[in-house]
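Notes follow once the structure below has been shown.
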Amino acid sequence: MLPILLLIAIGALVGQRRSPLRLISRTRWLLLILFFGYAYGFPGESVWPPLGNLAPSWEGAQHGAEQAARLIVLLLWLDVLVLCLPAEQLLSGLYQLIRPFSGLGIDPARVALRLGLTLRAIESMERGQGNLKRLMKLDFQVALPERVEITLCRLHWIDVVVPGLLFAALLSQWLNLI
């Protein structure tokens, strides 16, 4: 399932301005730490027996590679679903996905507003140079709008069926693990 998701995500990102390799290269340290954390922290047969306990295990390396691949697929799908959509469409979709949970005490308008403001702040940070230096000096100014409007689009059958199927798959996976 993981290779299929990876191929579909890469196919969806082929026509985009941003390269998926840039996204992956920005997370290289996280991927390396994840891989080596599993490789050295998981018990099993040693990769280099002469090194004894100082060598990583084959089982750990396999689990580390699998977790790193899952993280790459997650990042690519986030790029497809979040970064490639205009902020207005993203907020509209998130608002409509959160709206059924209003009975649980979640205010969908407030959640959408916070996400909208966060997206605007991230967009303005991406435009500047030396973002981390400015942020660390605490002189970073974000031009936030005074008003955020959410234009609701009419939901199509696919907008309901796909999240429902994903939720059913997640629930079945979770129930199999228990």
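Chain labels run A, B, ... following the order of the structure tokens; each chain numbers its residues from 1, and ligands are numbered from 1 in the order shown.
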
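Excluding stretch 57-59 of chain A itself and same-chain residues fewer than 5 positions from it, the residues having an atom within 9 Å of it are Tyr38, Ala39, Tyr40, Gly41, Phe42, Pro43, Gly44, Glu45, Ser46, Val47, Trp48 and Gly64 of chain A, counting only C-alpha atoms.
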
A:Leu90 surroundings by only C-alpha atoms, 12 Å radius, close-in-sequence under 4 positions cut, as an NGL selection string = :A and (78 or 80-86 or 94-97 or 112-113 or 115-116 or 119 or 150-153)

message = I'd like the neighbourhood of stretch 161-174 of chain A as a PyMOL selection string, where a residue qualifies if any of its atoms comes within 12 Å (using only C-alpha atoms), though same-chain residues fewer than 3 positions away should be ignored.
response = chain A and resi 93-94+96-98+155-158+177-178

Write a file of the selected residues as a compact mmCIF listing (two decimals), in the first residue's frame, keeping N, CA and C atoms.
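Dumped to out-v5.txt:
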```txt
# COMPACT_ATOMS: atom_id res chain seq x y z
N GLY A 93 -12.84 23.59 2.91
CA GLY A 93 -12.89 22.14 3.07
C GLY A 93 -12.73 21.70 4.51
N LEU A 94 -11.78 22.32 5.23
CA LEU A 94 -11.58 21.96 6.64
C LEU A 94 -12.78 22.35 7.49
N GLN A 96 -15.89 22.48 6.52
CA GLN A 96 -16.97 21.54 6.27
C GLN A 96 -16.67 20.15 6.83
N LEU A 97 -15.40 19.78 6.92
CA LEU A 97 -15.05 18.51 7.55
C LEU A 97 -15.21 18.55 9.07
N ILE A 98 -14.96 19.70 9.66
CA ILE A 98 -15.04 19.83 11.12
C ILE A 98 -16.47 20.08 11.59
N LEU A 155 -20.87 20.65 -1.45
CA LEU A 155 -20.18 19.37 -1.41
C LEU A 155 -20.71 18.45 -2.50
N HIS A 156 -19.79 17.74 -3.12
CA HIS A 156 -20.15 16.72 -4.09
C HIS A 156 -20.09 15.37 -3.40
N TRP A 157 -20.56 14.35 -4.05
CA TRP A 157 -20.59 13.03 -3.43
C TRP A 157 -19.17 12.55 -3.10
N ILE A 158 -18.20 12.90 -3.92
CA ILE A 158 -16.82 12.44 -3.68
C ILE A 158 -16.23 13.12 -2.44
N LEU A 177 -5.45 -3.46 15.49
CA LEU A 177 -4.28 -3.34 16.35
C LEU A 177 -4.60 -3.59 17.81
N ILE A 178 -5.86 -3.43 18.16
CA ILE A 178 -6.22 -3.60 19.58
C ILE A 178 -6.29 -5.05 19.95
```

DSSP alpha helix (DSSP H) residues within stretch 12-169 of chain A, listed as a short mmCIF file (atom, residue, chain, number, x, y, z; two decimals) with C-alpha atoms, in the first residue's frame:
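Resulting contents of selection21.cif:
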```
data_model
loop_
_atom_site.label_atom_id
_atom_site.label_comp_id
_atom_site.auth_asym_id
_atom_site.auth_seq_id
_atom_site.Cartn_x
_atom_site.Cartn_y
_atom_site.Cartn_z
CA ALA A 12 0.28 14.50 -8.36
CA LEU A 13 3.32 16.67 -7.62
CA PRO A 20 9.19 17.12 -3.93
CA LEU A 21 12.93 16.53 -3.59
CA ARG A 22 13.31 19.95 -1.94
CA LEU A 23 10.71 18.99 0.67
CA ILE A 24 12.46 15.70 1.36
CA SER A 25 15.90 17.31 1.52
CA ARG A 26 14.62 19.81 4.11
CA ARG A 28 16.83 14.84 5.81
CA TRP A 29 18.03 15.17 9.40
CA LEU A 30 14.69 14.04 10.78
CA LEU A 31 14.72 11.07 8.40
CA LEU A 32 18.29 10.13 9.37
CA ILE A 33 17.56 10.39 13.09
CA LEU A 34 14.44 8.29 12.63
CA PHE A 35 16.32 5.65 10.64
CA PHE A 36 19.32 5.41 12.97
CA GLY A 37 17.13 5.60 16.08
CA TYR A 38 15.34 2.46 14.97
CA ALA A 39 18.51 0.82 13.63
CA TYR A 40 20.38 1.18 16.91
CA GLY A 41 17.41 0.97 19.27
CA TRP A 58 18.98 -5.62 10.54
CA GLU A 59 15.51 -5.58 12.04
CA GLY A 60 15.98 -2.04 13.33
CA ALA A 61 17.27 -0.86 9.96
CA GLN A 62 14.23 -2.39 8.25
CA HIS A 63 11.82 -0.75 10.69
CA GLY A 64 13.69 2.55 10.43
CA ALA A 65 13.55 2.49 6.64
CA GLU A 66 9.83 1.68 6.77
CA GLN A 67 9.10 4.54 9.18
CA ALA A 68 11.19 6.97 7.12
CA ALA A 69 9.29 5.91 3.98
CA ARG A 70 5.98 6.46 5.79
CA LEU A 71 7.12 9.93 6.83
CA ILE A 72 8.12 10.74 3.26
CA VAL A 73 4.72 9.61 1.97
CA LEU A 74 2.99 11.67 4.66
CA LEU A 75 5.02 14.77 3.77
CA LEU A 76 4.34 14.34 0.07
CA TRP A 77 0.60 13.96 0.66
CA LEU A 78 0.61 17.01 2.90
CA ALA A 87 -5.87 28.86 1.36
CA GLU A 88 -9.54 29.75 0.77
CA GLN A 89 -10.38 26.31 -0.62
CA LEU A 90 -8.42 24.60 2.13
CA LEU A 91 -10.25 26.54 4.86
CA SER A 92 -13.61 25.86 3.25
CA GLY A 93 -12.89 22.14 3.07
CA LEU A 94 -11.58 21.96 6.64
CA TYR A 95 -14.55 23.93 7.93
CA GLN A 96 -16.97 21.54 6.27
CA LEU A 97 -15.05 18.51 7.55
CA ILE A 98 -15.04 19.83 11.12
CA PRO A 108 -15.64 24.87 13.37
CA ALA A 109 -15.51 28.63 12.73
CA ARG A 110 -12.90 29.12 15.44
CA VAL A 111 -10.79 26.21 14.20
CA ALA A 112 -10.98 27.49 10.61
CA LEU A 113 -10.03 31.01 11.76
CA ARG A 114 -6.96 29.74 13.64
CA LEU A 115 -5.88 27.62 10.71
CA GLY A 116 -6.42 30.54 8.33
CA LEU A 117 -4.31 32.87 10.43
CA THR A 118 -1.61 30.22 10.76
CA LEU A 119 -1.56 29.71 6.99
CA ARG A 120 -1.28 33.45 6.39
CA ALA A 121 1.61 33.69 8.87
CA ILE A 122 3.40 30.79 7.18
CA GLU A 123 2.89 32.36 3.75
CA SER A 124 4.38 35.66 4.90
CA MET A 125 7.34 33.85 6.51
CA GLU A 126 8.01 31.97 3.27
CA ARG A 127 8.21 35.22 1.28
CA ASN A 131 13.23 33.77 8.31
CA LEU A 132 14.80 31.89 11.19
CA LYS A 133 17.14 34.76 12.10
CA ARG A 134 14.27 37.26 12.15
CA LEU A 135 12.10 34.91 14.14
CA MET A 136 14.82 34.31 16.72
CA TRP A 157 -20.59 13.03 -3.43
CA ILE A 158 -16.82 12.44 -3.68
CA ASP A 159 -16.21 15.05 -0.95
CA VAL A 160 -18.20 12.92 1.46
CA VAL A 161 -17.32 9.42 0.24
CA VAL A 162 -13.51 9.76 0.22
CA PRO A 163 -13.17 11.07 3.83
CA GLY A 164 -15.72 8.48 4.91
CA LEU A 165 -13.73 5.67 3.33
CA LEU A 166 -10.50 7.01 4.81
CA PHE A 167 -12.13 7.16 8.24
CA ALA A 168 -13.47 3.61 7.83
CA ALA A 169 -10.00 2.37 6.80
#
```

note = In Å and to one decimal, atom CA of A:Ser102 is distant from atom CA of A:Arg154 by 19.0 Å

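Computed from the coordinates, the atom CA of A:Gly105 to atom CA of A:Glu149 distance equals 21.9 Å.
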